[in-house]
Amino acid sequence: MRFRDRRQAGRELAARLRERQDAGALPDPVVLALPRGGVAVAVEVARALDAPLDVLVVRKIGAPFHEEFGVGAMAGDGVPLFDEDALSRLGLGEADLAPVVERERTELRRREQRYRQGRPAPELRGRTVIVVDDGLATGSTARAALRALRAQDPGHLVLAVPVGAREGVALMRSEADEVVCPHEPAAFMAVGQWYEEFDQLTDEDVLDALHPRRT
């Protein structure tokens, strides 16, 4: 199983969610994409559910000496969530990550301001909040997103991804009220392996999706 691109993946995911909506399980939905990759998927979901689309910016926290090695993540106004096992293996404490956290928090705010372009964040209390990404590997960024959203008292919190690692999906079932993932392949290395086209998206791509009438 491979998707042609994120839009095809979004349409398949949207069909699953539409079934849940038709059954009355997703009242008053709002779709929140995890940018950048989740936005193209979420566009299809929001369209199918006739729901508003917004973003929740999540930033990975990398090790000071190797930024690509993730040791935590943070989303919105939520506190950073660290991988305690990874910190222990690397001999790091949370205080060692303070400069990285500050830098990533600044970038998180920059992206939020640019993507929203002055619009306030949506009110989530009591609503069905559907968090969409293009795939799920370890679940570290999804966990940060779900915990930040849980603090806003949604009525029903859903994580929806087209494809995910079985272990990661299982872990997220304790964080979300519902996880929708059509494909959980046994051999899962990376999200990109399940797409024929998996280009890196830009801020402009996100803005075009969120504000289609902009010039």
# chains A, B, ... in the order shown; residues from 1 in each chain; ligands from 1
$ residues_around --residues "A:Arg2" --least-positions-apart "4" --cutoff "9 Å" --atoms "only C-alpha atoms" --output "NGL selection string"
:A and (9 or 193-196)
$ residues_around --residues "A:Glu197" --least-positions-apart "5" --cutoff "8 Å" --atoms "only C-alpha atoms" --output "count of residues only"
3
$ select_by_dssp --residues "stretch 5-205 of chain A" --states "alpha helix (DSSP H)" --output "NGL selection string"
:A and (6-22 or 38-49 or 84-90 or 98-116 or 140-150 or 166-172 or 203-205)
$ residues_around --residues "stretch 172-189 of chain A" --least-positions-apart "3" --cutoff "9 Å" --atoms "only C-alpha atoms" --output "number ranges by chain"
A: 1, 12-13, 16-17, 135, 137, 139, 142-143, 146-147, 150, 156-169, 192-194
$ write_last_selection --atoms "N, CA, C and O atoms" --output "CSV table (one decimal), in the first residue's frame"
chain,number,residue,atom,x,y,z
A,1,MET,N,0.8,-1.2,0.0
A,1,MET,CA,0.0,0.0,0.0
A,1,MET,C,0.9,1.2,0.0
A,1,MET,O,1.7,1.4,0.9
A,12,GLU,N,-8.8,9.4,1.3
A,12,GLU,CA,-9.1,8.1,1.9
A,12,GLU,C,-9.4,8.2,3.4
A,12,GLU,O,-10.4,7.6,3.9
A,13,LEU,N,-8.6,9.0,4.1
A,13,LEU,CA,-8.9,9.3,5.5
A,13,LEU,C,-10.2,10.0,5.7
A,13,LEU,O,-11.0,9.7,6.6
A,16,ARG,N,-13.2,7.7,5.7
A,16,ARG,CA,-13.4,7.0,7.0
A,16,ARG,C,-14.1,7.9,8.1
A,16,ARG,O,-15.0,7.5,8.8
A,17,LEU,N,-13.6,9.1,8.1
A,17,LEU,CA,-14.1,10.1,9.1
A,17,LEU,C,-15.6,10.4,8.7
A,17,LEU,O,-16.4,10.7,9.6
A,135,GLY,N,1.1,11.1,8.8
A,135,GLY,CA,1.4,9.8,9.2
A,135,GLY,C,1.9,9.8,10.6
A,135,GLY,O,2.1,10.9,11.2
A,137,ALA,N,4.7,8.0,13.3
A,137,ALA,CA,5.8,7.1,13.5
A,137,ALA,C,5.9,6.8,15.0
A,137,ALA,O,5.2,5.9,15.5
A,139,GLY,N,5.1,8.9,17.4
A,139,GLY,CA,4.0,9.6,18.1
A,139,GLY,C,4.4,10.7,19.0
A,139,GLY,O,3.5,11.3,19.7
A,142,ALA,N,2.6,14.0,18.0
A,142,ALA,CA,1.2,13.8,18.2
A,142,ALA,C,0.8,13.9,19.6
A,142,ALA,O,-0.2,14.5,20.0
A,143,ARG,N,1.6,13.2,20.5
A,143,ARG,CA,1.4,13.3,21.9
A,143,ARG,C,1.4,14.7,22.4
A,143,ARG,O,0.5,15.1,23.2
A,146,LEU,N,-1.8,16.4,21.3
A,146,LEU,CA,-3.0,16.0,22.0
A,146,LEU,C,-3.1,16.5,23.4
A,146,LEU,O,-4.2,16.8,23.9
A,147,ARG,N,-2.0,16.5,24.1
A,147,ARG,CA,-2.0,17.0,25.5
A,147,ARG,C,-2.2,18.5,25.5
A,147,ARG,O,-2.9,18.9,26.4
A,150,ARG,N,-5.9,18.7,24.9
A,150,ARG,CA,-6.8,18.2,26.0
A,150,ARG,C,-7.0,19.3,27.1
A,150,ARG,O,-8.1,19.4,27.7
A,156,HIS,N,-14.6,15.9,22.3
A,156,HIS,CA,-14.2,14.6,21.8
A,156,HIS,C,-12.9,14.9,21.0
A,156,HIS,O,-12.9,15.7,20.1
A,157,LEU,N,-11.8,14.2,21.3
A,157,LEU,CA,-10.5,14.5,20.8
A,157,LEU,C,-10.1,13.3,19.9
A,157,LEU,O,-10.0,12.1,20.4
A,158,VAL,N,-9.9,13.5,18.6
A,158,VAL,CA,-9.6,12.5,17.6
A,158,VAL,C,-8.3,12.7,17.0
A,158,VAL,O,-8.0,13.9,16.6
A,159,LEU,N,-7.5,11.7,16.9
A,159,LEU,CA,-6.2,11.8,16.1
A,159,LEU,C,-6.5,11.0,14.8
A,159,LEU,O,-6.9,9.8,14.8
A,160,ALA,N,-6.3,11.6,13.6
A,160,ALA,CA,-6.6,11.0,12.3
A,160,ALA,C,-5.3,11.0,11.4
A,160,ALA,O,-4.9,12.1,11.1
A,161,VAL,N,-4.8,9.9,11.0
A,161,VAL,CA,-3.7,9.8,10.1
A,161,VAL,C,-3.9,8.7,9.1
A,161,VAL,O,-4.5,7.7,9.4
A,162,PRO,N,-3.4,8.9,7.9
A,162,PRO,CA,-3.7,7.9,6.9
A,162,PRO,C,-2.9,6.6,7.1
A,162,PRO,O,-3.4,5.5,6.8
A,163,VAL,N,-1.7,6.7,7.7
A,163,VAL,CA,-0.9,5.5,7.9
A,163,VAL,C,-0.1,5.7,9.2
A,163,VAL,O,0.3,6.8,9.5
A,164,GLY,N,0.2,4.6,9.9
A,164,GLY,CA,1.0,4.8,11.1
A,164,GLY,C,1.6,3.5,11.6
A,164,GLY,O,1.1,2.4,11.2
A,165,ALA,N,2.7,3.6,12.3
A,165,ALA,CA,3.3,2.4,12.9
A,165,ALA,C,2.4,1.8,14.0
A,165,ALA,O,1.8,2.6,14.8
A,166,ARG,N,2.3,0.5,14.0
A,166,ARG,CA,1.3,-0.1,15.0
A,166,ARG,C,1.6,0.3,16.4
A,166,ARG,O,0.7,0.6,17.2
A,167,GLU,N,2.9,0.3,16.8
A,167,GLU,CA,3.2,0.7,18.2
A,167,GLU,C,2.8,2.1,18.5
A,167,GLU,O,2.3,2.4,19.6
A,168,GLY,N,3.1,3.0,17.5
A,168,GLY,CA,2.8,4.4,17.7
A,168,GLY,C,1.3,4.6,17.8
A,168,GLY,O,0.8,5.4,18.7
A,169,VAL,N,0.5,4.0,17.0
A,169,VAL,CA,-0.9,4.1,17.0
A,169,VAL,C,-1.5,3.6,18.4
A,169,VAL,O,-2.4,4.2,19.0
A,192,GLY,N,7.4,8.7,5.0
A,192,GLY,CA,7.6,9.0,3.6
A,192,GLY,C,7.6,7.7,2.8
A,192,GLY,O,7.4,7.8,1.5
A,193,GLN,N,7.9,6.6,3.3
A,193,GLN,CA,8.0,5.4,2.5
A,193,GLN,C,6.6,4.9,2.0
A,193,GLN,O,6.6,4.1,1.0
A,194,TRP,N,5.6,5.5,2.5
A,194,TRP,CA,4.2,5.1,2.1
A,194,TRP,C,3.6,6.1,1.2
A,194,TRP,O,2.4,6.0,0.9
$ closest_residue --among "A:Val31, A:Val55, A:Val45, A:Ala148" --to "A:Arg114" --atoms "only C-alpha atoms"
A:Val55
$ atom_distance --atom1 "atom CA of A:Leu171" --atom2 "atom CA of A:Thr138"
8.7 Å
$ select_by_dssp --residues "chain A" --states "strand (DSSP E or B)" --output "PyMOL selection string"
chain A and resi 3+29-33+53-55+58-63+66-75+81-82+128-132+136+156-160+163-164+178-180+183+195
$ write_last_selection --atoms "C-alpha atoms" --output "PDB file, in the first residue's frame"
ATOM      1  CA  PHE A   3      -0.471   6.684  -1.518  1.00  0.00           C
ATOM      2  CA  PRO A  29     -16.088  19.179  14.255  1.00  0.00           C
ATOM      3  CA  VAL A  30     -13.046  21.395  13.796  1.00  0.00           C
ATOM      4  CA  VAL A  31     -10.005  20.071  11.921  1.00  0.00           C
ATOM      5  CA  LEU A  32      -6.519  20.981  13.127  1.00  0.00           C
ATOM      6  CA  ALA A  33      -3.606  20.144  10.842  1.00  0.00           C
ATOM      7  CA  LEU A  53      -9.671  24.095   9.134  1.00  0.00           C
ATOM      8  CA  ASP A  54      -6.885  25.511  11.273  1.00  0.00           C
ATOM      9  CA  VAL A  55      -3.402  24.500  12.378  1.00  0.00           C
ATOM     10  CA  VAL A  58       4.213  21.381  16.909  1.00  0.00           C
ATOM     11  CA  ARG A  59       7.988  21.600  17.208  1.00  0.00           C
ATOM     12  CA  LYS A  60      10.409  18.770  17.784  1.00  0.00           C
ATOM     13  CA  ILE A  61      13.054  19.321  20.461  1.00  0.00           C
ATOM     14  CA  GLY A  62      16.380  17.996  19.261  1.00  0.00           C
ATOM     15  CA  ALA A  63      19.485  17.058  21.215  1.00  0.00           C
ATOM     16  CA  HIS A  66      22.408  16.557  17.069  1.00  0.00           C
ATOM     17  CA  GLU A  67      19.242  18.486  16.239  1.00  0.00           C
ATOM     18  CA  GLU A  68      17.768  15.693  14.121  1.00  0.00           C
ATOM     19  CA  PHE A  69      17.752  13.369  17.132  1.00  0.00           C
ATOM     20  CA  GLY A  70      14.450  14.165  18.795  1.00  0.00           C
ATOM     21  CA  VAL A  71      14.280  14.073  22.578  1.00  0.00           C
ATOM     22  CA  GLY A  72      10.943  15.820  22.989  1.00  0.00           C
ATOM     23  CA  ALA A  73       8.259  17.995  21.433  1.00  0.00           C
ATOM     24  CA  MET A  74       5.933  20.854  22.268  1.00  0.00           C
ATOM     25  CA  ALA A  75       2.713  22.247  20.840  1.00  0.00           C
ATOM     26  CA  LEU A  81       7.186  16.782  26.672  1.00  0.00           C
ATOM     27  CA  PHE A  82      10.513  14.985  26.907  1.00  0.00           C
ATOM     28  CA  THR A 128     -15.046  17.510  18.303  1.00  0.00           C
ATOM     29  CA  VAL A 129     -11.389  18.289  17.587  1.00  0.00           C
ATOM     30  CA  ILE A 130      -9.800  16.214  14.814  1.00  0.00           C
ATOM     31  CA  VAL A 131      -5.994  16.376  14.712  1.00  0.00           C
ATOM     32  CA  VAL A 132      -4.631  15.432  11.291  1.00  0.00           C
ATOM     33  CA  LEU A 136       2.476   8.578  12.638  1.00  0.00           C
ATOM     34  CA  HIS A 156     -14.186  14.605  21.765  1.00  0.00           C
ATOM     35  CA  LEU A 157     -10.519  14.451  20.758  1.00  0.00           C
ATOM     36  CA  VAL A 158      -9.618  12.494  17.619  1.00  0.00           C
ATOM     37  CA  LEU A 159      -6.244  11.751  16.051  1.00  0.00           C
ATOM     38  CA  ALA A 160      -6.556  10.953  12.339  1.00  0.00           C
ATOM     39  CA  VAL A 163      -0.868   5.511   7.926  1.00  0.00           C
ATOM     40  CA  GLY A 164       0.954   4.759  11.149  1.00  0.00           C
ATOM     41  CA  GLU A 178     -10.392   8.015  19.250  1.00  0.00           C
ATOM     42  CA  VAL A 179      -7.649   7.187  16.734  1.00  0.00           C
ATOM     43  CA  VAL A 180      -8.532   6.768  13.058  1.00  0.00           C
ATOM     44  CA  HIS A 183      -3.340   1.543   7.463  1.00  0.00           C
ATOM     45  CA  TYR A 195       3.979   7.940  -0.383  1.00  0.00           C
TER      46      TYR A 195
END
$ residues_around --residues "stretch 37-44 of chain A" --least-positions-apart "3" --cutoff "6 Å" --atoms "only C-alpha atoms" --output "ChimeraX atom specification"
/A:6-7,10-11,33-34,47,132-134
$ write_last_selection --atoms "N, CA, C and O atoms" --output "PDB file, in the first residue's frame"
ATOM      1  N   ARG A   6      -0.207  13.281  -0.673  1.00  0.00           N
ATOM      2  CA  ARG A   6      -0.940  13.577   0.556  1.00  0.00           C
ATOM      3  C   ARG A   6      -2.420  13.819   0.291  1.00  0.00           C
ATOM      4  O   ARG A   6      -3.260  13.509   1.140  1.00  0.00           O
ATOM      5  N   ARG A   7      -2.756  14.364  -0.849  1.00  0.00           N
ATOM      6  CA  ARG A   7      -4.173  14.627  -1.132  1.00  0.00           C
ATOM      7  C   ARG A   7      -4.949  13.322  -1.288  1.00  0.00           C
ATOM      8  O   ARG A   7      -6.079  13.202  -0.809  1.00  0.00           O
ATOM      9  N   GLY A  10      -5.437  12.003   2.058  1.00  0.00           N
ATOM     10  CA  GLY A  10      -6.460  12.769   2.746  1.00  0.00           C
ATOM     11  C   GLY A  10      -7.862  12.360   2.349  1.00  0.00           C
ATOM     12  O   GLY A  10      -8.768  12.298   3.192  1.00  0.00           O
ATOM     13  N   ARG A  11      -8.059  12.052   1.069  1.00  0.00           N
ATOM     14  CA  ARG A  11      -9.387  11.642   0.622  1.00  0.00           C
ATOM     15  C   ARG A  11      -9.783  10.289   1.219  1.00  0.00           C
ATOM     16  O   ARG A  11     -10.936  10.082   1.598  1.00  0.00           O
ATOM     17  N   ALA A  33      -4.710  20.797  11.530  1.00  0.00           N
ATOM     18  CA  ALA A  33      -3.606  20.144  10.842  1.00  0.00           C
ATOM     19  C   ALA A  33      -2.309  20.382  11.590  1.00  0.00           C
ATOM     20  O   ALA A  33      -2.095  21.455  12.162  1.00  0.00           O
ATOM     21  N   LEU A  34      -1.424  19.381  11.576  1.00  0.00           N
ATOM     22  CA  LEU A  34      -0.071  19.553  12.092  1.00  0.00           C
ATOM     23  C   LEU A  34       0.816  19.924  10.916  1.00  0.00           C
ATOM     24  O   LEU A  34       1.106  19.079  10.066  1.00  0.00           O
ATOM     25  N   ARG A  47     -12.845  19.454   4.041  1.00  0.00           N
ATOM     26  CA  ARG A  47     -13.815  19.601   2.958  1.00  0.00           C
ATOM     27  C   ARG A  47     -14.902  18.534   3.059  1.00  0.00           C
ATOM     28  O   ARG A  47     -16.097  18.823   2.936  1.00  0.00           O
ATOM     29  N   VAL A 132      -4.995  16.155  12.512  1.00  0.00           N
ATOM     30  CA  VAL A 132      -4.631  15.432  11.291  1.00  0.00           C
ATOM     31  C   VAL A 132      -3.149  15.634  10.974  1.00  0.00           C
ATOM     32  O   VAL A 132      -2.644  16.755  10.987  1.00  0.00           O
ATOM     33  N   ASP A 133      -2.469  14.521  10.669  1.00  0.00           N
ATOM     34  CA  ASP A 133      -1.100  14.576  10.172  1.00  0.00           C
ATOM     35  C   ASP A 133      -0.991  13.618   8.995  1.00  0.00           C
ATOM     36  O   ASP A 133      -1.911  12.853   8.716  1.00  0.00           O
ATOM     37  N   ASP A 134       0.163  13.633   8.301  1.00  0.00           N
ATOM     38  CA  ASP A 134       0.305  12.763   7.132  1.00  0.00           C
ATOM     39  C   ASP A 134       0.762  11.361   7.497  1.00  0.00           C
ATOM     40  O   ASP A 134       0.838  10.483   6.626  1.00  0.00           O
TER      41      ASP A 134
END
